[in-house]
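Enquirer: Dropping in query-v3.cif, which is mmCIF, C-alpha atoms:
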```cif
data_protein
#
loop_
_atom_site.label_atom_id
_atom_site.label_comp_id
_atom_site.auth_asym_id
_atom_site.auth_seq_id
_atom_site.Cartn_x
_atom_site.Cartn_y
_atom_site.Cartn_z
CA MET A 1 63.85 -103.20 -19.64
CA LYS A 2 61.94 -100.04 -20.48
CA TYR A 3 63.71 -96.69 -20.62
CA ALA A 4 62.32 -93.17 -20.51
CA ILE A 5 63.77 -89.74 -21.29
CA ILE A 6 62.52 -86.37 -20.09
CA ALA A 7 63.36 -83.97 -22.94
CA ALA A 8 60.62 -81.38 -22.42
CA GLY A 9 62.66 -78.51 -20.96
CA GLU A 10 63.17 -75.40 -23.07
CA GLY A 11 66.90 -74.97 -22.49
CA SER A 12 66.42 -71.25 -21.87
CA ARG A 13 69.86 -70.76 -20.30
CA LEU A 14 71.54 -72.30 -23.35
CA ALA A 15 69.48 -70.09 -25.66
CA HIS A 16 70.43 -66.98 -23.71
CA GLU A 17 74.09 -67.96 -24.13
CA GLY A 18 73.81 -68.25 -27.91
CA VAL A 19 73.05 -71.95 -28.40
CA THR A 20 70.42 -72.01 -31.14
CA LEU A 21 69.60 -75.73 -31.15
CA PRO A 22 67.05 -77.22 -28.73
CA LYS A 23 68.91 -78.96 -25.90
CA PRO A 24 68.09 -82.55 -27.03
CA LEU A 25 69.74 -81.81 -30.40
CA VAL A 26 72.93 -80.30 -28.96
CA ARG A 27 75.90 -82.44 -30.01
CA VAL A 28 78.45 -83.81 -27.55
CA GLY A 29 81.15 -86.24 -28.59
CA GLY A 30 79.77 -86.35 -32.13
CA GLU A 31 76.21 -87.28 -31.15
CA THR A 32 73.11 -85.35 -30.20
CA LEU A 33 72.17 -85.71 -26.55
CA ILE A 34 68.96 -87.56 -27.40
CA ASP A 35 70.66 -89.94 -29.86
CA ARG A 36 73.41 -90.73 -27.37
CA LEU A 37 70.91 -91.85 -24.76
CA ILE A 38 68.87 -93.84 -27.28
CA ARG A 39 72.02 -95.64 -28.48
CA ILE A 40 73.16 -96.44 -24.94
CA PHE A 41 69.71 -97.70 -23.98
CA MET A 42 69.61 -99.91 -27.06
CA ASP A 43 73.02 -101.28 -26.07
CA ASN A 44 71.46 -102.19 -22.71
CA ASP A 45 68.58 -104.28 -24.09
CA ALA A 46 65.85 -101.65 -24.38
CA GLU A 47 62.49 -103.25 -25.10
CA GLU A 48 60.94 -99.79 -25.43
CA ILE A 49 62.17 -96.19 -25.14
CA VAL A 50 59.63 -93.53 -24.20
CA VAL A 51 60.43 -89.83 -24.67
CA VAL A 52 58.54 -86.65 -23.81
CA CYS A 53 59.37 -83.36 -25.55
CA ASN A 54 57.51 -80.08 -25.50
CA ASP A 55 55.24 -78.88 -28.28
CA ARG A 56 57.47 -75.87 -29.04
CA MET A 57 60.38 -78.14 -29.98
CA THR A 58 59.22 -78.98 -33.47
CA GLN A 59 62.77 -79.92 -34.51
CA VAL A 60 62.97 -82.46 -31.69
CA ALA A 61 59.61 -84.02 -32.52
CA GLN A 62 60.60 -84.24 -36.19
CA HIS A 63 63.91 -85.86 -35.26
CA LEU A 64 62.19 -88.41 -33.03
CA ALA A 65 59.69 -89.19 -35.79
CA THR A 66 62.62 -89.89 -38.12
CA VAL A 67 64.28 -92.19 -35.58
CA GLN A 68 60.98 -93.94 -35.00
CA ARG A 69 60.56 -94.52 -38.73
CA ASP A 70 64.14 -95.14 -39.88
CA GLY A 71 65.92 -96.25 -36.73
CA LEU A 72 69.23 -94.89 -35.42
CA ASN A 73 72.30 -95.49 -37.57
CA GLY A 74 70.42 -98.24 -39.39
CA ARG A 75 69.30 -99.91 -36.17
CA PRO A 76 65.53 -100.20 -35.54
CA VAL A 77 64.49 -98.45 -32.31
CA PRO A 78 61.33 -99.35 -30.33
CA LEU A 79 60.60 -95.67 -29.76
CA ARG A 80 57.45 -94.01 -28.48
CA PHE A 81 57.30 -90.27 -27.92
CA VAL A 82 54.83 -87.80 -26.46
CA VAL A 83 54.74 -84.13 -27.51
CA LYS A 84 53.39 -81.95 -24.72
CA SER A 85 54.53 -78.89 -22.79
CA THR A 86 54.46 -79.38 -19.03
CA PRO A 87 55.05 -77.10 -16.01
CA SER A 88 57.80 -79.27 -14.48
CA SER A 89 59.96 -82.33 -14.97
CA MET A 90 57.69 -84.30 -12.64
CA HIS A 91 54.72 -83.49 -14.85
CA SER A 92 56.72 -84.62 -17.87
CA PHE A 93 57.33 -87.92 -16.08
CA TYR A 94 53.60 -88.15 -15.35
CA GLU A 95 52.71 -87.66 -19.03
CA ILE A 96 54.71 -90.74 -20.07
CA SER A 97 53.95 -92.83 -16.99
CA PRO A 98 51.01 -94.69 -18.62
CA TYR A 99 53.56 -96.31 -20.95
CA LEU A 100 55.86 -97.44 -18.11
CA HIS A 101 53.59 -100.04 -16.56
CA GLY A 102 54.43 -103.72 -16.81
CA GLY A 103 57.78 -103.89 -15.07
CA PRO A 104 60.83 -101.92 -13.95
CA PHE A 105 62.08 -98.95 -15.94
CA VAL A 106 64.98 -96.50 -16.00
CA LEU A 107 64.31 -92.77 -16.36
CA THR A 108 66.82 -90.01 -17.13
CA THR A 109 66.84 -86.40 -18.21
CA VAL A 110 68.06 -85.78 -21.74
CA ASP A 111 71.25 -83.97 -20.72
CA THR A 112 72.60 -86.61 -18.33
CA ILE A 113 76.20 -87.49 -19.26
CA PHE A 114 77.79 -90.57 -17.65
CA ARG A 115 80.38 -93.24 -18.35
CA GLU A 116 78.83 -95.97 -20.46
CA THR A 117 80.66 -98.75 -18.61
CA GLU A 118 79.31 -97.52 -15.29
CA PHE A 119 75.82 -97.33 -16.73
CA ARG A 120 76.09 -100.95 -17.87
CA ASP A 121 77.06 -101.96 -14.32
CA TYR A 122 74.18 -99.88 -12.98
CA ILE A 123 71.66 -101.66 -15.22
CA ARG A 124 73.00 -105.04 -14.13
CA ALA A 125 72.68 -104.02 -10.47
CA PHE A 126 69.16 -102.71 -11.03
CA SER A 127 68.12 -105.97 -12.70
CA LEU A 128 69.11 -107.78 -9.46
CA CYS A 129 67.72 -105.12 -7.13
CA ASP A 130 64.97 -106.10 -4.70
CA ALA A 131 64.23 -102.52 -3.57
CA ASP A 132 61.63 -100.13 -5.02
CA GLY A 133 64.32 -98.10 -6.71
CA LEU A 134 68.04 -97.88 -7.47
CA MET A 135 68.97 -94.24 -7.83
CA GLY A 136 72.12 -93.03 -9.52
CA VAL A 137 74.19 -90.75 -7.26
CA THR A 138 77.60 -89.13 -7.47
CA ASP A 139 79.97 -87.29 -5.17
CA PHE A 140 81.06 -85.08 -8.08
CA VAL A 141 79.30 -81.75 -7.60
CA ASP A 142 79.14 -79.37 -10.58
CA ASP A 143 75.57 -78.13 -10.28
CA GLU A 144 74.16 -74.81 -9.17
CA LYS A 145 71.36 -76.34 -7.12
CA PRO A 146 72.13 -80.02 -6.54
CA LEU A 147 69.78 -82.38 -4.75
CA TRP A 148 71.75 -83.87 -1.87
CA VAL A 149 71.13 -87.50 -0.99
CA GLY A 150 71.30 -88.82 2.55
CA THR A 151 72.66 -92.37 2.67
CA VAL A 152 73.62 -95.06 5.13
CA THR A 153 75.82 -98.02 4.20
CA ARG A 154 74.86 -101.39 5.65
CA VAL A 155 76.82 -104.62 5.41
CA GLU A 156 74.57 -107.64 5.05
CA SER A 157 75.17 -111.26 4.17
CA GLY A 158 74.02 -111.83 0.61
CA ALA A 159 73.13 -108.17 0.06
CA LEU A 160 73.15 -106.55 -3.35
CA SER A 161 76.59 -105.16 -4.07
CA VAL A 162 76.28 -101.62 -5.37
CA GLU A 163 79.56 -100.16 -4.19
CA GLY A 164 81.89 -103.10 -3.74
CA GLY A 165 81.63 -105.90 -1.22
CA GLU A 166 78.29 -107.07 0.16
CA ARG A 167 76.95 -103.65 1.01
CA ARG A 168 73.72 -101.77 0.56
CA VAL A 169 73.90 -98.01 0.19
CA GLU A 170 70.43 -97.11 1.42
CA ILE A 171 68.86 -93.72 0.79
CA THR A 172 67.45 -91.99 3.85
CA GLY A 173 66.35 -88.65 2.39
CA PHE A 174 66.72 -85.92 -0.22
CA TYR A 175 67.83 -82.41 0.73
CA ASP A 176 68.41 -78.95 -0.76
CA ILE A 177 71.53 -78.56 1.39
CA PRO A 178 74.13 -81.17 2.40
CA PRO A 179 72.63 -83.39 5.11
CA PHE A 180 75.95 -83.50 6.96
CA SER A 181 78.19 -80.45 7.11
CA LEU A 182 81.85 -81.19 6.48
CA HIS A 183 82.66 -78.42 8.96
CA SER A 184 80.54 -79.78 11.78
CA PRO A 185 82.41 -81.27 14.78
CA LEU A 186 79.78 -84.02 14.74
CA SER A 187 80.45 -84.98 11.12
CA SER A 188 82.69 -87.89 12.07
CA LEU A 189 79.88 -89.31 14.22
CA LEU A 190 77.00 -88.61 11.87
CA SER A 191 78.62 -89.32 8.52
CA PRO A 192 76.26 -91.31 6.26
CA SER A 193 78.95 -93.73 5.07
CA SER A 194 82.23 -95.14 6.21
CA GLU A 195 84.04 -93.14 3.52
CA GLU A 196 82.30 -89.92 4.64
CA ARG A 197 81.13 -89.34 1.07
CA GLN A 198 78.32 -86.92 0.40
CA PHE A 199 76.24 -87.70 -2.66
CA ILE A 200 73.97 -85.73 -4.93
CA SER A 201 71.32 -87.07 -7.29
CA ALA A 202 72.75 -87.98 -10.70
CA GLY A 203 69.42 -87.73 -12.53
CA ILE A 204 69.30 -91.48 -13.21
CA TYR A 205 66.29 -93.26 -11.72
CA GLY A 206 65.78 -97.02 -11.77
CA LEU A 207 62.24 -97.60 -10.51
CA LYS A 208 59.74 -100.38 -10.02
CA GLU A 209 56.21 -100.01 -11.30
CA ASN A 210 54.69 -99.52 -7.83
CA VAL A 211 56.29 -96.08 -7.46
CA LEU A 212 53.85 -94.73 -10.05
CA THR A 213 51.27 -94.64 -7.26
CA THR A 214 53.50 -92.16 -5.44
CA LEU A 215 53.82 -90.11 -8.63
CA ASN A 216 50.04 -89.96 -9.02
CA GLY A 217 49.74 -88.76 -5.43
CA CYS A 218 52.22 -85.95 -6.07
CA ILE A 219 50.26 -84.77 -9.09
CA GLU A 220 46.97 -84.88 -7.18
CA ARG A 221 48.51 -82.71 -4.44
CA GLY A 222 49.71 -80.17 -7.01
CA GLU A 223 53.41 -80.77 -6.38
CA GLN A 224 56.12 -80.08 -8.94
CA ARG A 225 59.78 -80.96 -9.62
CA MET A 226 61.41 -84.38 -9.61
CA ARG A 227 63.09 -83.72 -6.26
CA ASN A 228 59.68 -83.53 -4.60
CA PHE A 229 58.72 -86.85 -6.17
CA GLN A 230 61.88 -88.37 -4.72
CA ARG A 231 61.04 -86.97 -1.29
CA ALA A 232 57.55 -88.41 -1.62
CA LEU A 233 59.05 -91.84 -2.28
CA ILE A 234 60.72 -91.67 1.13
CA SER A 235 57.55 -90.34 2.78
CA ASP A 236 55.57 -93.24 1.28
CA GLY A 237 58.02 -95.75 2.74
CA ARG A 238 59.53 -96.82 -0.59
CA ARG A 239 62.82 -98.62 -0.21
CA LEU A 240 65.54 -96.91 -2.25
CA LEU A 241 69.15 -97.90 -2.80
CA ALA A 242 71.93 -95.73 -4.24
CA PHE A 243 74.34 -96.65 -7.01
CA PRO A 244 77.42 -94.38 -6.94
CA PHE A 245 78.69 -93.12 -10.30
CA THR A 246 82.17 -91.58 -10.27
CA LYS A 247 81.12 -88.56 -12.31
CA VAL A 248 77.90 -87.38 -13.95
CA LEU A 249 77.50 -84.11 -15.87
CA ASP A 250 74.51 -82.21 -17.17
CA ILE A 251 74.21 -79.46 -19.76
CA ASP A 252 72.93 -76.21 -18.27
CA HIS A 253 75.31 -73.70 -19.86
CA ALA A 254 77.10 -73.37 -23.18
CA SER A 255 80.42 -74.04 -21.45
CA ASP A 256 79.07 -77.41 -20.28
CA ILE A 257 78.96 -78.66 -23.87
CA GLU A 258 82.75 -78.64 -24.16
CA LYS A 259 83.12 -80.15 -20.67
CA ALA A 260 80.79 -82.98 -21.64
CA THR A 261 82.55 -83.54 -24.96
CA GLN A 262 85.94 -83.83 -23.26
CA PHE A 263 84.51 -86.18 -20.66
CA ILE A 264 83.06 -88.46 -23.34
CA VAL A 265 86.27 -88.42 -25.40
CA HIS A 266 88.38 -89.39 -22.40
CA HIS A 267 86.02 -92.09 -21.15
CA SER A 268 84.69 -93.64 -24.34
#
```
Output the file's structure in the form of structure tokens.
Expert:
Amino acid sequence: MKYAIIAAGEGSRLAHEGVTLPKPLVRVGGETLIDRLIRIFMDNDAEEIVVVCNDRMTQVAQHLATVQRDGLNGRPVPLRFVVKSTPSSMHSFYEISPYLHGGPFVLTTVDTIFRETEFRDYIRAFSLCDADGLMGVTDFVDDEKPLWVGTVTRVESGALSVEGGERRVEITGFYDIPPFSLHSPLSSLLSPSSEERQFISAGIYGLKENVLTTLNGCIERGEQRMRNFQRALISDGRRLLAFPFTKVLDIDHASDIEKATQFIVHHS
């Protein structure tokens, strides 16, 4: 399995709040964000890890060069990294996409914090997945501008189990606002799942190689942001399933660092 990490953001909000380190080198639970992901990916049979960081993050590029040369905690890492500033996360994805051909891959942003046991289950499910993508989702909302995910749960004989039982949680769309209002009198009729759960994107993308054609189309049209790439997947008729994580955090503010550290300590 190939893995990829988008680590090209500048972390401007963290800097404004007094965090002097580049976001990938911020420490949570005793590890830098970038090292934590690399370790977890190695624990899940990474054949190659591809990272993109911006050209203003000289500390990050130097750190990655050290990991590439010396490994991580004495463990050799099949690491490739690209140093380039980009206008959006989707463009960062595009810059490393030439190295993601040849099979399925899992892409995350550098500040994605999740339970390692759930990630292991996710990778197993993705390895058995016959759809174009298995997207990590969560019903835990702690984001200023979350990307809401429309889903429908189908019960099928022999279907991939991604939520318990023989069920497929299929993705129907991506939205800037919740697709089903909890206050609507129609919510009980239109709810996207039997549990009436409303999911947001967890920033974890398991994708097959064919979706890179959709990515190229987005770039050619001048689109930006990963959420627009995800919408384009639906528009292009790609079949996407959802894998629910109980809780996923990201690091946008200085206060999030302590939240993430406590989460890791309690779920390690």
Enquirer: Between CA of Ser127 (chain A) and CA of Gly206 (chain A), what is the distance, to one decimal in Å?
Expert: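 Pair CA of Ser127 (chain A) / CA of Gly206 (chain A) returns 9.3 Å.
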Enquirer: Please identify all polymer residues within 12 Å of Phe263 (chain A), counting only C-alpha atoms, omitting same-chain residues fewer than 5 positions from it, and present them as a list in words.
Expert: Val28, Gly29, Ile113, Phe114, Arg115, Glu116, Thr246, Lys247, Val248, Leu249, Asp250, Asp256, Ile257, Glu258 and Ser268 of chain A
Enquirer: Any idea what the distance is between CA of Arg231 (chain A) and CA of Leu33 (chain A)?
Expert: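 Going from CA of Arg231 (chain A) over to CA of Leu33 (chain A) covers 27.6 Å.
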Enquirer: Please measure the separation of CA of Thr112 (chain A) and CA of Arg239 (chain A), giving the value in Å to one decimal.
Expert: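 Calculated distance between CA of Thr112 (chain A) and CA of Arg239 (chain A) is 23.8 Å.
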Enquirer: I would like the residues chosen by the PyMOL selection byres ((chain A and resi 201) around 9) on the shown file; could you give them as number ranges by chain?
Expert: A: 135-139, 146-149, 174, 199-200, 202-204, 227
Enquirer: Given all atoms listed in the file as the basis, pick out the residue of A:Ile264, A:Ala254, A:Val50, A:Leu207 nearest to His16 (chain A).
Expert: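 For His16 (chain A), the nearest of the candidates is A:Ala254.
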Enquirer: Calculated over only C-alpha atoms, which of the candidates A:Thr153, A:Asn73, A:Ser92, A:Asn54 has the smallest distance to Ile6 (chain A)?
Expert: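 Smallest separation from Ile6 (chain A) among the options: A:Ser92.
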Enquirer: Please determine, counting all atoms listed in the file, which residue among A:Cys53, A:Val265, A:Val67, A:Met1 has the shortest atom-to-atom distance to Arg124 (chain A).
Expert: A:Met1
Enquirer: Going by the chain IDs and residue numbers used in this file, which residues fall under the PyMOL selection byres ((chain A and resi 24) around 9)? Write them as an NGL selection string.
Expert: :A and (7-8 or 11 or 21-23 or 25-27 or 32-35 or 53 or 60 or 110-111)
Enquirer: Which of these, A:His253, A:His91, A:Arg197, A:Arg154, has the shortest distance to Asn228 (chain A) once you count only C-alpha atoms?
Expert: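 Comparing A:His253, A:His91, A:Arg197, A:Arg154 against Asn228 (chain A), the winner is A:His91.
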Enquirer: Around the point (70.3, -107.2, -12.9) in the file's coordinates, collect all residues with an atom within 12 Å, using all atoms listed in the file, and return them as a PyMOL selection string.
Expert: chain A and resi 1+44-45+104+119-130+134+160-162+206
Enquirer: Tell me which of A:Val51, A:Ala260, A:Leu215, A:Leu37 sits closest to Met90 (chain A), counting only C-alpha atoms.
Expert: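 Looking at the shortest contact to Met90 (chain A), the residue is A:Leu215.
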Enquirer: With 5 Å on each side, where is the centre of the axis-aligned box around all listed atoms of region 108-112 of chain A, and how long are its edges in Å to one decimal, as AutoDock Vina command-line options?
Expert:
```
--center_x 69.7 --center_y -87.0 --center_z -19.4 --size_x 15.8 --size_y 16.0 --size_z 14.6
```
Enquirer: My list of candidates is A:Ala131, A:Leu233, A:Gln59, A:Thr117. Which is closest to His267 (chain A) when distances are computed with only C-alpha atoms?
Expert: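 Of A:Ala131, A:Leu233, A:Gln59, A:Thr117, the one nearest His267 (chain A) is A:Thr117, counting only C-alpha atoms.
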Enquirer: Expand the PyMOL selection byres ((chain A and resi 106) around 6) into the explicit residue set it covers here, and present it as a list in words.
Expert: Tyr3, Phe105, Leu107, Tyr205 and Gly206 of chain A
Enquirer: Which polymer residues have any atom within 12 Å of an atom of Gly237 (chain A), counting all atoms listed in the file, with same-chain residues fewer than 5 positions away left out, as a VMD selection string?
Expert: chain A and resid 131 to 133 171 to 173 210 to 211 214 230 to 232
